[in-house]
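The next block is data-v4.csv, given as CSV, C-alpha atoms.
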```
chain,number,residue,atom,x,y,z
J,1,MET,CA,121.3,114.2,148.1
J,2,ALA,CA,122.0,117.2,145.9
J,3,SER,CA,123.8,115.0,143.4
J,4,SER,CA,121.1,112.3,143.2
J,5,ALA,CA,118.4,115.0,142.8
J,6,ARG,CA,120.3,116.3,139.8
J,7,GLN,CA,120.9,112.8,138.4
J,8,ALA,CA,117.3,111.6,138.6
J,9,PRO,CA,115.8,114.0,136.1
J,10,ASN,CA,118.7,113.4,133.7
J,11,ARG,CA,118.2,109.7,133.7
J,12,ARG,CA,114.4,110.3,133.2
J,13,ASP,CA,115.2,112.6,130.3
J,14,GLU,CA,117.6,110.2,128.7
J,15,ILE,CA,115.0,107.5,128.8
J,16,LEU,CA,112.4,109.8,127.2
J,17,GLU,CA,114.9,110.8,124.5
J,18,ALA,CA,115.6,107.2,123.7
J,19,ALA,CA,111.9,106.4,123.6
J,20,GLY,CA,111.2,109.4,121.3
J,21,ALA,CA,113.9,108.3,118.9
J,22,ILE,CA,112.6,104.7,118.8
J,23,ILE,CA,109.0,105.9,118.2
J,24,ALA,CA,110.2,108.1,115.3
J,25,ARG,CA,112.0,105.1,113.8
J,26,LYS,CA,109.5,102.3,114.4
J,27,GLY,CA,106.3,103.9,115.6
J,28,VAL,CA,104.3,103.3,118.8
J,29,ARG,CA,103.7,99.7,117.7
J,30,GLY,CA,107.4,99.1,117.4
J,31,LEU,CA,108.4,100.3,120.8
J,32,ARG,CA,109.6,97.7,123.2
J,33,VAL,CA,110.6,98.7,126.8
J,34,GLU,CA,113.7,96.5,126.6
J,35,GLU,CA,114.9,98.3,123.5
J,36,VAL,CA,114.4,101.7,125.1
J,37,ALA,CA,116.4,100.4,128.1
J,38,ALA,CA,119.2,99.3,125.8
J,39,GLU,CA,119.2,102.6,123.9
J,40,ALA,CA,119.3,104.7,127.1
J,41,ARG,CA,121.8,102.3,128.7
J,42,VAL,CA,119.6,101.8,131.8
J,43,ALA,CA,118.0,98.8,133.5
J,44,THR,CA,114.5,98.0,132.4
J,45,SER,CA,113.4,98.2,136.0
J,46,LEU,CA,114.4,101.9,136.1
J,47,ILE,CA,111.9,102.5,133.3
J,48,TYR,CA,109.2,100.8,135.2
J,49,TYR,CA,110.2,102.8,138.3
J,50,HIS,CA,109.8,106.1,136.5
J,51,PHE,CA,106.8,105.4,134.3
J,52,GLY,CA,104.9,102.6,135.8
J,53,ASP,CA,104.3,100.7,132.6
J,54,ARG,CA,104.8,100.8,128.8
J,55,SER,CA,101.8,103.0,128.4
J,56,GLY,CA,103.1,105.6,130.9
J,57,LEU,CA,106.4,105.6,129.1
J,58,LEU,CA,104.7,106.1,125.7
J,59,GLN,CA,102.6,109.1,126.9
J,60,ALA,CA,105.6,110.8,128.7
J,61,ALA,CA,107.8,110.3,125.6
J,62,MET,CA,105.2,111.6,123.2
J,63,GLU,CA,104.5,114.6,125.5
J,64,ARG,CA,108.2,115.4,125.8
J,65,THR,CA,108.7,115.3,122.1
J,66,ASP,CA,105.8,117.6,121.6
J,67,GLU,CA,107.3,120.1,124.0
J,68,VAL,CA,109.9,121.1,121.4
J,69,ALA,CA,107.4,121.8,118.6
J,70,PRO,CA,108.2,125.1,116.9
J,71,SER,CA,104.6,126.4,117.5
J,72,TRP,CA,105.1,126.7,121.2
J,73,GLU,CA,107.4,129.6,120.5
J,74,LEU,CA,104.1,131.5,120.2
J,75,ARG,CA,103.7,131.3,124.0
J,76,THR,CA,106.3,134.1,124.2
J,77,PRO,CA,105.7,137.5,122.5
J,78,ASP,CA,108.3,138.6,119.9
J,79,PRO,CA,108.1,142.4,119.3
J,80,THR,CA,110.8,142.3,116.6
J,81,ARG,CA,108.5,140.9,113.9
J,82,ASP,CA,104.9,141.8,112.7
J,83,ALA,CA,102.3,139.3,113.8
J,84,TYR,CA,101.6,137.9,110.3
J,85,THR,CA,105.3,137.2,109.4
J,86,ARG,CA,105.9,135.6,112.7
J,87,LEU,CA,102.9,133.3,112.6
J,88,ARG,CA,103.7,132.2,109.0
J,89,ASP,CA,107.4,131.6,109.8
J,90,VAL,CA,106.6,129.6,113.0
J,91,LEU,CA,104.1,127.4,111.2
J,92,LEU,CA,106.4,126.8,108.2
J,93,LYS,CA,109.1,125.7,110.8
J,94,GLU,CA,106.8,122.7,111.6
J,95,LEU,CA,107.7,121.5,108.1
J,96,GLY,CA,111.4,122.4,108.5
J,97,PRO,CA,114.4,120.4,107.3
J,98,SER,CA,115.9,119.3,110.6
J,99,ALA,CA,115.8,115.7,111.8
J,100,GLY,CA,114.4,117.0,115.1
J,101,VAL,CA,111.4,118.5,113.4
J,102,LYS,CA,110.7,115.3,111.5
J,103,GLN,CA,111.0,113.2,114.7
J,104,ASN,CA,108.5,115.6,116.3
J,105,VAL,CA,106.1,115.3,113.4
J,106,ILE,CA,106.3,111.5,113.4
J,107,VAL,CA,105.7,111.3,117.1
J,108,TRP,CA,102.7,113.7,117.0
J,109,ASN,CA,101.3,111.7,114.1
J,110,GLU,CA,101.6,108.5,116.2
J,111,MET,CA,100.1,110.2,119.2
J,112,THR,CA,97.0,111.3,117.4
J,113,ALA,CA,96.6,107.9,115.6
J,114,SER,CA,96.9,106.1,118.9
J,115,ALA,CA,94.5,108.5,120.6
J,116,VAL,CA,91.7,107.3,118.4
J,117,PHE,CA,91.6,104.0,120.3
J,118,ASP,CA,93.0,105.1,123.7
J,119,ALA,CA,90.6,106.8,126.0
J,120,ASP,CA,93.4,108.0,128.3
J,121,LEU,CA,95.4,109.6,125.5
J,122,GLN,CA,92.5,111.3,123.7
J,123,PRO,CA,91.8,114.1,126.2
J,124,ARG,CA,95.5,114.9,126.3
J,125,VAL,CA,95.7,115.1,122.5
J,126,ALA,CA,92.5,117.2,122.4
J,127,ARG,CA,94.0,119.5,125.1
J,128,THR,CA,97.3,119.9,123.3
J,129,THR,CA,95.4,120.7,120.1
J,130,ARG,CA,93.3,123.3,121.8
J,131,GLU,CA,96.3,125.0,123.3
J,132,TRP,CA,97.9,125.0,119.8
J,133,THR,CA,94.9,126.4,118.0
J,134,GLY,CA,94.5,128.9,120.9
J,135,LEU,CA,98.0,130.2,120.3
J,136,ILE,CA,97.4,130.5,116.6
J,137,ALA,CA,94.1,132.4,117.2
J,138,LYS,CA,95.9,134.7,119.6
J,139,GLN,CA,98.6,135.5,117.1
J,140,ILE,CA,95.9,136.1,114.4
J,141,ARG,CA,94.2,138.7,116.8
J,142,ALA,CA,97.7,140.3,117.3
J,143,GLY,CA,97.9,140.6,113.5
J,144,GLN,CA,94.5,142.1,113.3
J,145,LYS,CA,95.6,144.7,115.8
J,146,ASP,CA,98.9,145.5,114.1
J,147,GLY,CA,97.2,145.6,110.7
J,148,THR,CA,99.1,142.7,109.1
J,149,ILE,CA,96.2,140.2,109.2
J,150,ARG,CA,92.8,140.6,107.6
J,151,SER,CA,90.2,142.1,110.0
J,152,ASP,CA,87.3,140.3,108.4
J,153,ILE,CA,88.1,136.8,109.5
J,154,ASP,CA,87.3,134.8,112.6
J,155,PRO,CA,90.6,133.9,114.4
J,156,HIS,CA,89.1,130.7,115.9
J,157,ASP,CA,87.9,129.3,112.6
J,158,GLU,CA,91.1,130.2,110.8
J,159,SER,CA,93.3,128.6,113.6
J,160,GLU,CA,91.4,125.3,113.3
J,161,ILE,CA,91.6,125.3,109.5
J,162,ILE,CA,95.3,125.9,109.5
J,163,ALA,CA,96.0,123.4,112.3
J,164,CYS,CA,94.0,120.7,110.4
J,165,LEU,CA,95.7,121.6,107.1
J,166,LEU,CA,99.1,121.4,108.7
J,167,ASP,CA,98.4,118.0,110.3
J,168,GLY,CA,97.1,116.7,107.0
J,169,LEU,CA,100.1,118.0,105.1
J,170,CYS,CA,102.4,116.3,107.7
J,171,SER,CA,100.6,113.0,107.2
J,172,HIS,CA,100.9,113.2,103.4
J,173,TRP,CA,104.6,114.2,103.8
J,174,LEU,CA,105.3,111.2,106.1
J,175,THR,CA,103.7,108.8,103.6
J,176,SER,CA,105.6,110.3,100.7
J,177,SER,CA,102.4,111.6,99.0
J,178,VAL,CA,103.8,115.1,98.9
J,179,SER,CA,107.4,116.2,99.4
J,180,ARG,CA,108.3,118.4,102.4
J,181,SER,CA,109.0,121.4,100.1
J,182,ARG,CA,105.7,121.0,98.3
J,183,ALA,CA,103.9,120.8,101.7
J,184,ARG,CA,105.6,124.0,102.8
J,185,GLU,CA,104.6,125.7,99.5
J,186,LEU,CA,100.9,124.7,99.9
J,187,LEU,CA,100.9,125.8,103.5
J,188,ALA,CA,102.4,129.2,102.7
J,189,THR,CA,99.8,129.7,99.9
J,190,VAL,CA,96.8,129.0,102.2
J,191,ILE,CA,98.3,131.2,105.0
J,192,ARG,CA,98.8,134.0,102.6
J,193,ASP,CA,95.3,133.7,101.0
J,194,ARG,CA,93.4,133.3,104.3
J,195,LEU,CA,95.3,135.6,106.6
J,196,ALA,CA,97.4,138.3,104.9
J,197,ALA,CA,95.9,141.8,105.0
J,198,ARG,CA,95.0,143.0,101.5
J,199,ALA,CA,97.7,145.7,101.6
J,200,ARG,CA,100.5,143.1,101.9
O,1,MET,CA,81.7,73.9,91.0
O,2,ALA,CA,79.4,76.8,90.2
O,3,SER,CA,78.3,76.9,93.8
O,4,SER,CA,81.9,76.8,95.3
O,5,ALA,CA,82.9,79.5,92.8
O,6,ARG,CA,80.1,81.7,94.1
O,7,GLN,CA,80.9,80.8,97.7
O,8,ALA,CA,84.7,81.5,97.7
O,9,PRO,CA,84.5,85.3,97.1
O,10,ASN,CA,81.7,85.6,99.6
O,11,ARG,CA,83.8,84.0,102.4
O,12,ARG,CA,86.7,86.2,101.4
O,13,ASP,CA,84.4,89.3,101.6
O,14,GLU,CA,83.0,88.2,104.9
O,15,ILE,CA,86.5,87.9,106.3
O,16,LEU,CA,87.4,91.4,105.0
O,17,GLU,CA,84.3,92.9,106.4
O,18,ALA,CA,85.0,91.4,109.8
O,19,ALA,CA,88.6,92.6,109.7
O,20,GLY,CA,87.4,96.2,108.7
O,21,ALA,CA,85.0,96.3,111.6
O,22,ILE,CA,87.7,95.2,114.1
O,23,ILE,CA,90.2,97.7,112.7
O,24,ALA,CA,87.5,100.4,113.2
O,25,ARG,CA,86.9,99.4,116.8
O,26,LYS,CA,90.5,98.6,117.9
O,27,GLY,CA,92.9,99.9,115.3
O,28,VAL,CA,95.5,98.0,113.3
O,29,ARG,CA,97.4,97.4,116.6
O,30,GLY,CA,94.4,95.7,118.1
O,31,LEU,CA,93.7,93.3,115.2
O,32,ARG,CA,94.3,89.6,116.0
O,33,VAL,CA,93.7,87.0,113.3
O,34,GLU,CA,91.9,84.7,115.7
O,35,GLU,CA,89.4,87.4,116.5
O,36,VAL,CA,88.7,88.1,112.8
O,37,ALA,CA,88.1,84.3,112.4
O,38,ALA,CA,85.7,84.3,115.3
O,39,GLU,CA,83.8,87.4,114.0
O,40,ALA,CA,83.6,86.0,110.5
O,41,ARG,CA,82.8,82.5,111.8
O,42,VAL,CA,85.5,80.9,109.7
O,43,ALA,CA,88.5,78.8,110.6
O,44,THR,CA,91.8,80.7,111.2
O,45,SER,CA,93.4,78.5,108.5
O,46,LEU,CA,91.0,79.9,105.9
O,47,ILE,CA,92.3,83.4,106.6
O,48,TYR,CA,95.9,82.3,106.1
O,49,TYR,CA,94.8,80.4,102.9
O,50,HIS,CA,93.2,83.6,101.4
O,51,PHE,CA,95.7,86.3,102.7
O,52,GLY,CA,99.0,84.5,103.5
O,53,ASP,CA,99.6,86.3,106.8
O,54,ARG,CA,98.3,89.0,109.2
O,55,SER,CA,99.9,91.7,107.1
O,56,GLY,CA,98.2,90.5,103.9
O,57,LEU,CA,94.9,90.4,105.7
O,58,LEU,CA,95.4,94.0,107.0
O,59,GLN,CA,96.3,95.4,103.6
O,60,ALA,CA,93.3,93.7,101.9
O,61,ALA,CA,90.9,94.8,104.6
O,62,MET,CA,92.1,98.4,104.5
O,63,GLU,CA,91.9,98.5,100.7
O,64,ARG,CA,88.4,97.0,100.7
O,65,THR,CA,87.2,99.6,103.2
O,66,ASP,CA,88.7,102.3,101.2
O,67,GLU,CA,86.8,101.2,98.1
O,68,VAL,CA,83.5,102.4,99.5
O,69,ALA,CA,84.9,106.0,100.2
O,70,PRO,CA,82.3,108.6,98.9
O,71,SER,CA,85.0,110.3,96.7
O,72,TRP,CA,85.3,107.3,94.4
O,73,GLU,CA,81.8,108.4,93.0
O,74,LEU,CA,83.8,111.0,91.1
O,75,ARG,CA,85.1,108.2,88.8
O,76,THR,CA,81.7,108.3,87.1
O,77,PRO,CA,80.4,111.4,85.5
O,78,ASP,CA,77.1,112.9,86.8
O,79,PRO,CA,75.5,115.3,84.3
O,80,THR,CA,72.6,116.1,86.6
O,81,ARG,CA,74.6,118.5,88.8
O,82,ASP,CA,77.1,121.3,88.1
O,83,ALA,CA,80.7,120.3,88.8
O,84,TYR,CA,81.2,122.6,91.8
O,85,THR,CA,78.1,121.4,93.7
O,86,ARG,CA,78.9,117.8,93.0
O,87,LEU,CA,82.5,118.1,94.2
O,88,ARG,CA,81.5,119.9,97.4
O,89,ASP,CA,78.7,117.4,98.2
O,90,VAL,CA,81.0,114.4,97.5
O,91,LEU,CA,83.7,115.8,99.8
O,92,LEU,CA,81.3,116.7,102.6
O,93,LYS,CA,80.0,113.1,102.4
O,94,GLU,CA,83.5,112.0,103.6
O,95,LEU,CA,82.4,113.6,106.9
O,96,GLY,CA,78.9,112.2,106.8
O,97,PRO,CA,76.8,110.8,109.7
O,98,SER,CA,76.7,107.1,108.9
O,99,ALA,CA,78.6,104.5,110.8
O,100,GLY,CA,80.0,103.2,107.5
O,101,VAL,CA,81.6,106.5,106.7
O,102,LYS,CA,83.2,106.7,110.2
O,103,GLN,CA,84.5,103.2,109.8
O,104,ASN,CA,86.0,104.2,106.5
O,105,VAL,CA,87.6,107.3,108.0
O,106,ILE,CA,89.1,105.3,110.9
O,107,VAL,CA,90.5,102.6,108.6
O,108,TRP,CA,92.1,105.2,106.2
O,109,ASN,CA,93.6,107.0,109.2
O,110,GLU,CA,95.1,103.7,110.4
O,111,MET,CA,96.3,102.9,106.9
O,112,THR,CA,98.2,106.2,106.6
O,113,ALA,CA,99.6,106.0,110.1
O,114,SER,CA,100.8,102.5,109.5
O,115,ALA,CA,102.3,103.4,106.2
O,116,VAL,CA,104.8,105.8,107.8
O,117,PHE,CA,106.7,102.7,109.1
O,118,ASP,CA,105.7,100.1,106.5
O,119,ALA,CA,107.7,100.2,103.3
O,120,ASP,CA,105.2,97.8,101.5
O,121,LEU,CA,102.1,99.9,102.5
O,122,GLN,CA,103.6,103.3,101.7
O,123,PRO,CA,103.5,103.1,97.9
O,124,ARG,CA,99.9,101.8,98.1
O,125,VAL,CA,98.8,104.8,100.3
O,126,ALA,CA,100.6,107.2,98.0
O,127,ARG,CA,99.0,105.7,94.9
O,128,THR,CA,95.5,105.9,96.5
O,129,THR,CA,96.2,109.5,97.5
O,130,ARG,CA,97.3,110.3,93.9
O,131,GLU,CA,94.2,108.7,92.5
O,132,TRP,CA,92.0,110.7,94.9
O,133,THR,CA,93.7,114.1,94.3
O,134,GLY,CA,93.6,113.3,90.5
O,135,LEU,CA,89.8,112.8,90.7
O,136,ILE,CA,89.4,116.1,92.6
O,137,ALA,CA,91.6,117.9,90.1
O,138,LYS,CA,89.6,116.5,87.2
O,139,GLN,CA,86.3,117.7,88.8
O,140,ILE,CA,87.9,121.1,89.4
O,141,ARG,CA,88.7,121.3,85.6
O,142,ALA,CA,85.1,120.3,84.8
O,143,GLY,CA,83.9,123.1,87.0
O,144,GLN,CA,86.3,125.6,85.3
O,145,LYS,CA,84.7,124.4,82.0
O,146,ASP,CA,81.0,124.7,83.2
O,147,GLY,CA,81.8,128.1,84.9
O,148,THR,CA,81.0,127.0,88.5
O,149,ILE,CA,84.7,126.9,89.6
O,150,ARG,CA,87.2,129.8,89.5
O,151,SER,CA,89.3,129.8,86.4
O,152,ASP,CA,92.3,131.5,88.1
O,153,ILE,CA,93.3,128.5,90.3
O,154,ASP,CA,95.5,125.5,89.7
O,155,PRO,CA,93.5,122.3,89.9
O,156,HIS,CA,96.5,120.2,91.1
O,157,ASP,CA,97.4,122.6,93.9
O,158,GLU,CA,93.8,122.9,95.1
O,159,SER,CA,93.2,119.2,95.0
O,160,GLU,CA,96.2,118.6,97.3
O,161,ILE,CA,95.2,121.4,99.6
O,162,ILE,CA,91.7,120.1,100.0
O,163,ALA,CA,92.8,116.4,100.4
O,164,CYS,CA,95.3,117.4,103.1
O,165,LEU,CA,92.7,119.6,104.9
O,166,LEU,CA,90.1,116.8,104.8
O,167,ASP,CA,92.6,114.2,106.2
O,168,GLY,CA,93.5,116.7,108.9
O,169,LEU,CA,89.9,117.4,109.7
O,170,CYS,CA,89.2,113.6,110.0
O,171,SER,CA,92.1,113.1,112.3
O,172,HIS,CA,90.9,116.0,114.6
O,173,TRP,CA,87.4,114.6,114.4
O,174,LEU,CA,88.5,111.1,115.4
O,175,THR,CA,90.4,112.4,118.4
O,176,SER,CA,87.5,114.6,119.5
O,177,SER,CA,89.4,117.8,118.9
O,178,VAL,CA,86.6,119.0,116.6
O,179,SER,CA,83.0,117.7,116.2
O,180,ARG,CA,81.9,116.2,112.9
O,181,SER,CA,79.5,119.0,112.2
O,182,ARG,CA,82.3,121.6,112.9
O,183,ALA,CA,84.7,119.7,110.6
O,184,ARG,CA,82.0,119.8,107.8
O,185,GLU,CA,81.5,123.5,108.3
O,186,LEU,CA,85.2,124.3,108.1
O,187,LEU,CA,85.6,122.1,105.0
O,188,ALA,CA,82.6,123.8,103.3
O,189,THR,CA,84.1,127.2,104.1
O,190,VAL,CA,87.4,126.4,102.5
O,191,ILE,CA,85.9,124.7,99.4
O,192,ARG,CA,83.7,127.8,98.9
O,193,ASP,CA,86.5,130.3,99.4
O,194,ARG,CA,89.1,128.5,97.3
O,195,LEU,CA,86.9,127.0,94.5
O,196,ALA,CA,83.5,128.7,94.0
O,197,ALA,CA,83.4,131.0,90.9
O,198,ARG,CA,82.8,134.6,91.9
O,199,ALA,CA,79.4,134.8,90.4
O,200,ARG,CA,78.1,132.1,92.8
```

Kindly return the structure encoded in the file as structure tokens.
Amino acid sequence: MASSARQAPNRRDEILEAAGAIIARKGVRGLRVEEVAAEARVATSLIYYHFGDRSGLLQAAMERTDEVAPSWELRTPDPTRDAYTRLRDVLLKELGPSAGVKQNVIVWNEMTASAVFDADLQPRVARTTREWTGLIAKQIRAGQKDGTIRSDIDPHDESEIIACLLDGLCSHWLTSSVSRSRARELLATVIRDRLAARAR
Amino acid sequence: MASSARQAPNRRDEILEAAGAIIARKGVRGLRVEEVAAEARVATSLIYYHFGDRSGLLQAAMERTDEVAPSWELRTPDPTRDAYTRLRDVLLKELGPSAGVKQNVIVWNEMTASAVFDADLQPRVARTTREWTGLIAKQIRAGQKDGTIRSDIDPHDESEIIACLLDGLCSHWLTSSVSRSRARELLATVIRDRLAARAR
């Protein structure tokens, strides 16, 4: 009993990892349940057992990939850095060099593109976006308190501007319209211009 | 002969219009050639005759929809307005209230999302993006010349920042994370802050 309770979540995790990797390589359009089963070395029936259908698998895989996005670090306070530096560094990590970050960006891009036509997915994407902009706004308020972020700006407006800019930069990066380093440079410029307290 | 020469491009146009409408309703994933044929009231074989295969139809439909994007107005000079006002108004039109604008935004969003996994489509999307940012940069230079746009900014940097922001705003609008009017307000704020000459 104890052993199977440990094993079940692992199998589920392995399936979601395999699905995330396939979405990152081929997109949501390219994902076939049989291929996920082969990649995770499980029976197709186990996937249907855990996720119901292809759509359930897709949503769970996209949500799991999203969980590792660098921005979620902002849920936990970090007293070792000032609020501005921390916010800037966390957001720049969303355009970091690791394969894991790129996989996360691709899957999020697929998730939002799919949500345009998927009434079940759209509220989940909107909720995740609201949580994300909420964390950015909270960090902006922390910076207004510690004096590192301009006091004359609206945290909610700025959080939406920065989130939209970052999503647009990611989309241009993924289609090779800008390089990753160029995207980071443009993001850093806008964060500095819009958020940094004058004294910095 | 004259009649069939007139008729051929019309049929082709009707097919592309039908395909654009279906992409806007259901996405690239949802497009079936048979449904385009039914919507355009032509035989499926005529579609294959004009476009080769589904992928050729998709690309032609997406490119045709893109042709009507408000930003392409910037290809033609307009001496009746100062450069800043014209640039701001053209970019805000990309978030305009008409169904045609929304269809264009959805199709462009689908085109960029598909290009992430489609090696044939990616250079076309990158080329269109470069033409777009090139026109914005040119308009910024015109504004620096007529004194309505800040002289201390780099037109190329600003054009990329604004294009990425606008694409991100569109994606958040399409997934109901921000309203259209909110997206316009945020875009207008950033355009004013980054571009408007101090005297304005």

Near stretch 177-180 of chain J, within 7 Å and counting only C-alpha atoms, which residues show up once chain neighbours fewer than 4 positions away are dropped, as a VMD selection string? (chain J and resid 95 172 to 173 184) or (chain O and resid 126 129)

Write the selection just made, keeping C-alpha atoms, as a PDB file, in the coordinates of the input?
```pdb
ATOM      1  CA  LEU J  95     107.700 121.500 108.100  1.00  0.00           C
ATOM      2  CA  HIS J 172     100.900 113.200 103.400  1.00  0.00           C
ATOM      3  CA  TRP J 173     104.600 114.200 103.800  1.00  0.00           C
ATOM      4  CA  ARG J 184     105.600 124.000 102.800  1.00  0.00           C
TER       5      ARG J 184
ATOM      6  CA  ALA O 126     100.600 107.200  98.000  1.00  0.00           C
ATOM      7  CA  THR O 129      96.200 109.500  97.500  1.00  0.00           C
TER       8      THR O 129
END
```

How many Å lie between atom CA of J:Pro77 and atom CA of J:Leu169, rounded to one decimal?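 Computing the Euclidean distance for atom CA of J:Pro77 and atom CA of J:Leu169 yields 26.7 Å.
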
Hey, can you check how far atom CA of O:Pro155 sits from atom CA of O:Arg141?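 We find that atom CA of O:Pro155 and atom CA of O:Arg141 lie 6.5 Å from each other.
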
Just need the residues of chain O within 9 Å of chain J, counting only C-alpha atoms, so spit them out as a count of residues only. 47

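Here atom CA of O:Glu73 is placed at a distance of 22.2 Å from atom CA of O:Gln59.
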
Could you tell me which of J:Gly100, J:Gly147, J:Gly20, J:Gly56 comes closest to J:Pro70 if we count only C-alpha atoms?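 Nearest candidate to J:Pro70 out of J:Gly100, J:Gly147, J:Gly20, J:Gly56: J:Gly100.
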
Counting all atoms listed in the file, I want the residues whose atoms come within 6 Å of (92.3, 102.4, 104.8) in the file frame, returned as a list in words.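 Checking each residue against the 6 Å limit leaves Met62, Glu63, Asp66, Val107, Trp108 and Met111 of chain O.
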
Considering all atoms listed in the file, can you say which of J:Leu195, J:Ala37, J:Leu74, J:Leu58 comes closest to J:Lys138?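 Of J:Leu195, J:Ala37, J:Leu74, J:Leu58, the one nearest J:Lys138, counting all atoms listed in the file, is J:Leu74.
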